[in-house]
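Peer 1: My structure is in input29.json, and what it holds is JSON, C-alpha atoms:
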```json
[["chain", "number", "residue", "atom", "x", "y", "z"],
["S", 11, "MET", "CA", 207.75, 126.46, 138.53],
["S", 12, "ASN", "CA", 210.92, 125.74, 140.44],
["S", 13, "GLU", "CA", 210.00, 124.87, 143.98],
["S", 14, "VAL", "CA", 212.36, 125.89, 146.76],
["S", 15, "PRO", "CA", 214.40, 122.85, 147.79],
["S", 16, "ASP", "CA", 213.51, 121.42, 151.19],
["S", 17, "ILE", "CA", 210.67, 123.87, 151.86],
["S", 18, "SER", "CA", 209.68, 121.88, 154.97],
["S", 19, "THR", "CA", 213.09, 122.57, 156.51],
["S", 20, "HIS", "CA", 212.82, 126.26, 155.69],
["S", 21, "LEU", "CA", 209.34, 126.50, 157.25],
["S", 22, "ALA", "CA", 210.51, 124.57, 160.30],
["S", 23, "VAL", "CA", 213.43, 126.91, 160.98],
["S", 24, "ARG", "CA", 211.48, 130.07, 160.12],
["S", 25, "LEU", "CA", 208.53, 129.25, 162.39],
["S", 26, "ARG", "CA", 210.75, 128.24, 165.28],
["S", 27, "ASN", "CA", 212.83, 131.42, 164.97],
["S", 28, "LEU", "CA", 209.74, 133.65, 164.78],
["S", 29, "ARG", "CA", 208.15, 131.93, 167.77],
["S", 30, "THR", "CA", 211.23, 132.01, 169.99],
["S", 31, "GLY", "CA", 212.03, 135.55, 168.83],
["S", 32, "ALA", "CA", 208.58, 136.60, 170.05],
["S", 33, "GLY", "CA", 209.24, 134.90, 173.39],
["S", 34, "MET", "CA", 206.47, 132.35, 172.90],
["S", 35, "THR", "CA", 206.40, 128.73, 173.94],
["S", 36, "LEU", "CA", 204.73, 126.01, 171.90],
["S", 37, "ASP", "CA", 201.83, 126.11, 174.36],
["S", 38, "SER", "CA", 201.34, 129.87, 174.13],
["S", 39, "LEU", "CA", 201.37, 129.83, 170.32],
["S", 40, "ALA", "CA", 198.89, 126.92, 170.37],
["S", 41, "ASP", "CA", 196.62, 128.92, 172.69],
["S", 42, "ARG", "CA", 196.76, 131.94, 170.38],
["S", 43, "THR", "CA", 196.11, 130.11, 167.15],
["S", 44, "GLY", "CA", 194.00, 127.05, 167.89],
["S", 45, "VAL", "CA", 196.68, 124.89, 166.23],
["S", 46, "SER", "CA", 197.63, 122.04, 168.53],
["S", 47, "ARG", "CA", 200.97, 122.02, 170.31],
["S", 48, "SER", "CA", 201.80, 118.67, 168.75],
["S", 49, "MET", "CA", 201.07, 119.97, 165.22],
["S", 50, "ILE", "CA", 203.27, 123.04, 165.76],
["S", 51, "SER", "CA", 206.03, 120.81, 167.09],
["S", 52, "LEU", "CA", 205.78, 118.52, 164.03],
["S", 53, "ILE", "CA", 205.95, 121.51, 161.68],
["S", 54, "GLU", "CA", 208.96, 122.95, 163.52],
["S", 55, "ARG", "CA", 210.72, 119.59, 163.20],
["S", 56, "GLY", "CA", 209.95, 119.43, 159.48],
["S", 57, "GLU", "CA", 207.85, 116.30, 159.96],
["S", 58, "SER", "CA", 204.49, 117.70, 158.78],
["S", 59, "SER", "CA", 203.28, 119.32, 155.55],
["S", 60, "PRO", "CA", 200.89, 121.98, 156.90],
["S", 61, "THR", "CA", 198.03, 123.39, 154.85],
["S", 62, "ALA", "CA", 197.70, 127.06, 153.93],
["S", 63, "ALA", "CA", 194.95, 127.46, 156.53],
["S", 64, "VAL", "CA", 197.19, 126.13, 159.33],
["S", 65, "LEU", "CA", 200.13, 128.28, 158.25],
["S", 66, "ASP", "CA", 197.89, 131.34, 158.09],
["S", 67, "ARG", "CA", 196.75, 130.76, 161.67],
["S", 68, "LEU", "CA", 200.34, 130.49, 162.83],
["S", 69, "ALA", "CA", 201.37, 133.60, 160.90],
["S", 70, "ALA", "CA", 198.45, 135.54, 162.38],
["S", 71, "GLY", "CA", 199.40, 134.50, 165.90],
["S", 72, "LEU", "CA", 203.00, 135.54, 165.29],
["S", 73, "GLY", "CA", 202.01, 138.95, 163.90],
["S", 74, "VAL", "CA", 203.38, 138.29, 160.40],
["S", 75, "THR", "CA", 201.94, 137.54, 156.97],
["S", 76, "LEU", "CA", 201.70, 134.10, 155.42],
["S", 77, "ALA", "CA", 204.10, 135.26, 152.70],
["S", 78, "SER", "CA", 206.78, 136.13, 155.27],
["S", 79, "LEU", "CA", 206.94, 132.49, 156.41],
["S", 80, "PHE", "CA", 208.52, 131.60, 153.06],
["S", 81, "ALA", "CA", 211.03, 134.48, 153.10],
["S", 82, "ARG", "CA", 214.44, 134.63, 154.72],
["S", 83, "GLN", "CA", 214.94, 136.60, 157.91],
["S", 84, "GLU", "CA", 215.34, 140.31, 157.22],
["S", 85, "SER", "CA", 218.92, 141.44, 156.77],
["S", 86, "GLU", "CA", 220.64, 144.73, 155.96],
["S", 87, "ALA", "CA", 222.75, 142.78, 153.48],
["S", 88, "ALA", "CA", 219.75, 141.38, 151.56],
["S", 89, "SER", "CA", 219.52, 142.31, 147.89],
["S", 90, "PRO", "CA", 216.52, 144.38, 146.77],
["S", 91, "LEU", "CA", 216.42, 142.37, 143.53],
["S", 92, "SER", "CA", 214.37, 139.18, 143.29],
["S", 93, "ARG", "CA", 215.24, 137.03, 140.27],
["S", 94, "ARG", "CA", 212.48, 134.66, 139.15],
["S", 95, "GLU", "CA", 214.67, 131.59, 139.62],
["S", 96, "ASP", "CA", 215.24, 132.59, 143.26],
["S", 97, "GLN", "CA", 211.59, 133.19, 144.15],
["S", 98, "PRO", "CA", 210.26, 130.55, 146.59],
["S", 99, "VAL", "CA", 207.30, 128.50, 145.35],
["S", 100, "TRP", "CA", 205.07, 126.47, 147.66],
["S", 101, "ARG", "CA", 202.13, 124.17, 146.92],
["S", 102, "ASP", "CA", 199.27, 123.78, 149.39],
["S", 103, "PRO", "CA", 198.87, 120.02, 150.00],
["S", 104, "GLU", "CA", 195.13, 120.38, 150.51],
["S", 105, "SER", "CA", 193.94, 122.53, 147.57],
["S", 106, "GLY", "CA", 196.89, 122.20, 145.20],
["S", 107, "TYR", "CA", 197.19, 125.96, 144.79],
["S", 108, "THR", "CA", 200.69, 127.38, 144.36],
["S", 109, "ARG", "CA", 202.13, 130.62, 145.66],
["S", 110, "ARG", "CA", 205.31, 132.31, 144.49],
["S", 111, "ASN", "CA", 206.90, 134.98, 146.70],
["S", 112, "LEU", "CA", 207.79, 137.75, 144.25],
["S", 113, "SER", "CA", 209.39, 140.20, 146.67],
["S", 114, "ALA", "CA", 213.10, 140.11, 147.46],
["S", 115, "SER", "CA", 213.56, 137.63, 150.31],
["S", 116, "GLY", "CA", 215.05, 139.15, 153.46],
["S", 117, "PHE", "CA", 214.93, 142.71, 152.12],
["S", 118, "ARG", "CA", 213.14, 145.03, 154.55],
["S", 119, "SER", "CA", 210.00, 146.49, 152.93],
["S", 120, "PRO", "CA", 206.46, 147.26, 154.14],
["S", 121, "ILE", "CA", 205.06, 145.67, 150.95],
["S", 122, "GLU", "CA", 205.04, 141.99, 149.96],
["S", 123, "LEU", "CA", 204.00, 140.66, 146.54],
["S", 124, "VAL", "CA", 202.85, 137.09, 145.93],
["S", 125, "GLU", "CA", 201.71, 135.36, 142.74],
["S", 126, "VAL", "CA", 199.03, 132.70, 143.22],
["S", 127, "VAL", "CA", 197.69, 130.05, 140.84],
["S", 128, "LEU", "CA", 194.39, 128.53, 141.96],
["S", 129, "PRO", "CA", 193.51, 125.31, 140.10],
["S", 130, "PRO", "CA", 190.06, 124.72, 138.55],
["S", 131, "GLY", "CA", 187.50, 123.82, 141.22],
["S", 132, "ALA", "CA", 189.89, 124.56, 144.09],
["S", 133, "ARG", "CA", 188.96, 126.39, 147.27],
["S", 134, "VAL", "CA", 191.13, 127.83, 150.04],
["S", 135, "ALA", "CA", 189.58, 129.00, 153.31],
["S", 136, "TYR", "CA", 191.27, 131.20, 155.89],
["S", 137, "ASP", "CA", 189.23, 131.42, 159.08],
["S", 138, "THR", "CA", 191.62, 133.70, 160.98],
["S", 139, "ALA", "CA", 189.81, 136.90, 161.93],
["S", 140, "HIS", "CA", 191.98, 138.29, 164.76],
["S", 141, "ARG", "CA", 195.62, 139.05, 164.04],
["S", 142, "ALA", "CA", 198.51, 140.33, 166.10],
["S", 143, "ALA", "CA", 199.08, 142.99, 163.42],
["S", 144, "THR", "CA", 196.83, 144.81, 160.97],
["S", 145, "VAL", "CA", 197.35, 143.52, 157.42],
["S", 146, "HIS", "CA", 196.07, 145.29, 154.29],
["S", 147, "GLN", "CA", 195.76, 143.26, 151.10],
["S", 148, "GLN", "CA", 194.98, 143.90, 147.45],
["S", 149, "ILE", "CA", 194.24, 141.16, 144.92],
["S", 150, "TRP", "CA", 194.72, 141.78, 141.18],
["S", 151, "ILE", "CA", 193.45, 139.10, 138.79],
["S", 152, "ILE", "CA", 195.79, 138.41, 135.86],
["S", 153, "GLU", "CA", 194.11, 135.38, 134.28],
["S", 154, "GLY", "CA", 190.87, 133.51, 134.90],
["S", 155, "ALA", "CA", 188.32, 134.35, 137.58],
["S", 156, "ILE", "CA", 187.73, 133.69, 141.26],
["S", 157, "GLU", "CA", 184.95, 134.07, 143.78],
["S", 158, "LEU", "CA", 186.13, 135.65, 147.01],
["S", 159, "THR", "CA", 183.96, 135.61, 150.14],
["S", 160, "LEU", "CA", 184.73, 137.99, 153.00],
["S", 161, "ASP", "CA", 182.60, 136.81, 155.90],
["S", 162, "GLU", "CA", 179.14, 137.19, 154.28],
["S", 163, "GLU", "CA", 180.21, 139.47, 151.41],
["S", 164, "ILE", "CA", 180.85, 137.84, 147.99],
["S", 165, "PHE", "CA", 183.00, 139.30, 145.21],
["S", 166, "ARG", "CA", 183.33, 137.77, 141.75],
["S", 167, "LEU", "CA", 186.59, 138.88, 140.22],
["S", 168, "GLY", "CA", 187.74, 138.53, 136.61],
["S", 169, "ALA", "CA", 190.91, 139.43, 134.72],
["S", 170, "GLY", "CA", 191.94, 143.01, 135.42],
["S", 171, "ASP", "CA", 189.80, 143.37, 138.57],
["S", 172, "CYS", "CA", 191.51, 144.51, 141.79],
["S", 173, "LEU", "CA", 190.01, 144.16, 145.28],
["S", 174, "SER", "CA", 191.28, 145.96, 148.40],
["S", 175, "MET", "CA", 190.63, 144.43, 151.81],
["S", 176, "ARG", "CA", 191.86, 144.06, 155.37],
["S", 177, "LEU", "CA", 192.64, 140.62, 156.72],
["S", 178, "ASP", "CA", 190.24, 140.83, 159.64],
["S", 179, "ARG", "CA", 187.45, 138.47, 158.55],
["S", 180, "PRO", "CA", 187.20, 134.83, 157.48],
["S", 181, "THR", "CA", 188.10, 134.65, 153.79],
["S", 182, "LEU", "CA", 187.28, 132.01, 151.16],
["S", 183, "PHE", "CA", 188.87, 131.83, 147.70],
["S", 184, "ARG", "CA", 187.12, 129.66, 145.09],
["S", 185, "ASN", "CA", 187.84, 128.95, 141.44],
["S", 186, "LEU", "CA", 184.51, 127.92, 139.94],
["S", 187, "ALA", "CA", 185.84, 127.83, 136.37],
["S", 188, "ASP", "CA", 187.42, 125.00, 134.39],
["S", 189, "ALA", "CA", 190.72, 126.88, 133.95],
["S", 190, "PRO", "CA", 193.36, 127.99, 136.47],
["S", 191, "ALA", "CA", 193.11, 131.47, 137.95],
["S", 192, "ARG", "CA", 196.31, 133.50, 138.36],
["S", 193, "TYR", "CA", 196.48, 136.61, 140.50],
["S", 194, "VAL", "CA", 198.89, 138.84, 142.39],
["S", 195, "VAL", "CA", 198.45, 139.57, 146.08],
["S", 196, "ALA", "CA", 199.97, 142.72, 147.58],
["S", 197, "LEU", "CA", 200.27, 142.83, 151.37],
["S", 198, "ALA", "CA", 201.25, 145.59, 153.77],
["S", 199, "THR", "CA", 201.45, 145.20, 157.55],
["S", 200, "ASP", "CA", 200.75, 148.07, 159.94],
["S", 201, "PRO", "CA", 201.78, 146.87, 163.42],
["S", 202, "HIS", "CA", 201.01, 150.28, 164.96],
["S", 203, "ALA", "CA", 197.34, 150.01, 164.00],
["S", 204, "ALA", "CA", 197.02, 146.47, 165.27],
["S", 205, "HIS", "CA", 194.24, 145.25, 167.47],
["S", 206, "ASN", "CA", 195.78, 142.42, 169.45],
["S", 207, "PRO", "CA", 193.14, 140.41, 171.31],
["S", 208, "TYR", "CA", 195.88, 138.35, 172.98],
["S", 209, "ARG", "CA", 197.35, 141.21, 175.06]]
```
Before we go any further, please render this structure as structure tokens.
Peer 2:
Amino acid sequence: MNEVPDISTHLAVRLRNLRTGAGMTLDSLADRTGVSRSMISLIERGESSPTAAVLDRLAAGLGVTLASLFARQESEAASPLSRREDQPVWRDPESGYTRRNLSASGFRSPIELVEVVLPPGARVAYDTAHRAATVHQQIWIIEGAIELTLDEEIFRLGAGDCLSMRLDRPTLFRNLADAPARYVVALATDPHAAHNPYR
């Protein structure tokens, strides 16, 4: 996998632009997400390597998906074609899982596709329940198997299985096998159906 060069710089600029574009201060985003002001500041300066869980909290507070943090800002001039060599790849420093943004970066679309590889024995927990926008997600397993927990509900998914869900409950991904699991995540955001507890 070819990782995007200087991903920390990209995340720093993207988060800062999303936050300021939403008219939020560091303090207000910290209040919304439970991520400390100092941590957000470090990320925005490119001085911290945040985990997937931290980035998901920030994305939820900003009303965007985690995948959108790795994409370029939307532009009318963006190409609808996403070549594999141009697809951003990021590795979670905590779990070691990798995510590749498959969708064309910067191209306006209600759907985002992400390819994930979860290493053997790895777990990734997202504890964000409330979001500033309603996000629908489907997970299609290509190789291997995962255990996915939605709050108290447990799903064991193998190759070919597809699970539909809303991102409105704490979610835990686990690979209990001795081989990597590879799956595609499809996301769609519906801001009009959002329940925003921060308003």
Peer 1: So that I can see what lies close to Ala81 in chain S, please list as a list of chain:residue names the residues with an atom at most 10 Å from it, counting only C-alpha atoms and leaving out residues fewer than 4 positions away in the same chain.
Peer 2: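 So, after excluding close chain neighbours, the residues are S:His20, S:Leu21, S:Arg24, S:Leu76, S:Ala77, S:Gln97, S:Pro98, S:Asn111, S:Leu112, S:Ser113, S:Ala114, S:Ser115, S:Gly116, S:Phe117.
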Peer 1: Padding 4 Å on each side, edges along x, y and z: where is the centre of the box around the listed atoms of range 27-37 of chain S, and how long are its edges in Å to one decimal? Output it as AutoDock Vina command-line options.
Peer 2:
```
--center_x 207.3 --center_y 131.3 --center_z 169.6 --size_x 19.0 --size_y 18.6 --size_z 17.6
```
Peer 1: Using CA of Ala155 in chain S and CA of Tyr136 in chain S as the two end points, give the distance in Å to one decimal.
Peer 2: 18.8 Å
Peer 1: Rounded to one decimal in Å, what is the spacing between CA of Arg133 in chain S and CA of His146 in chain S?
Peer 2: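 Result for CA of Arg133 in chain S versus CA of His146 in chain S: 21.4 Å, one decimal.
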Peer 1: List the spatial neighbours of Pro190 in chain S as a list in words - criterion: any atom at most 7 Å away, all atoms listed in the file, same-chain residues fewer than 4 positions off excluded.
Peer 2: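 The neighbour list is Val127, Leu128, Pro129, Pro130 and Gly154 of chain S.
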Peer 1: How many Å lie between CA of Glu157 in chain S and CA of Arg94 in chain S, rounded to one decimal?
Peer 2: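 We find that CA of Glu157 in chain S and CA of Arg94 in chain S lie 27.9 Å from each other.
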Peer 1: Of the candidates S:Leu39, S:Leu173, S:Val64, S:Leu79, which one gets nearest to Thr19 in chain S if we count all atoms listed in the file?
Peer 2: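 Looking only at the distances to Thr19 in chain S, the closest residue turns out to be S:Leu79.
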Peer 1: Which residues are near Tyr107 in chain S? Cut-off 12 Å, all atoms listed in the file, ignore same chain within fewer than 3 positions. Put them as a ChimeraX atom specification.
Peer 2: /S:61-62,99-104,110,125-135,183-185,190-193
Peer 1: Using only C-alpha atoms, find the one residue out of S:Ala63, S:Leu36, S:His140, S:Val194 that sits nearest to Ser48 in chain S.
Peer 2: S:Leu36
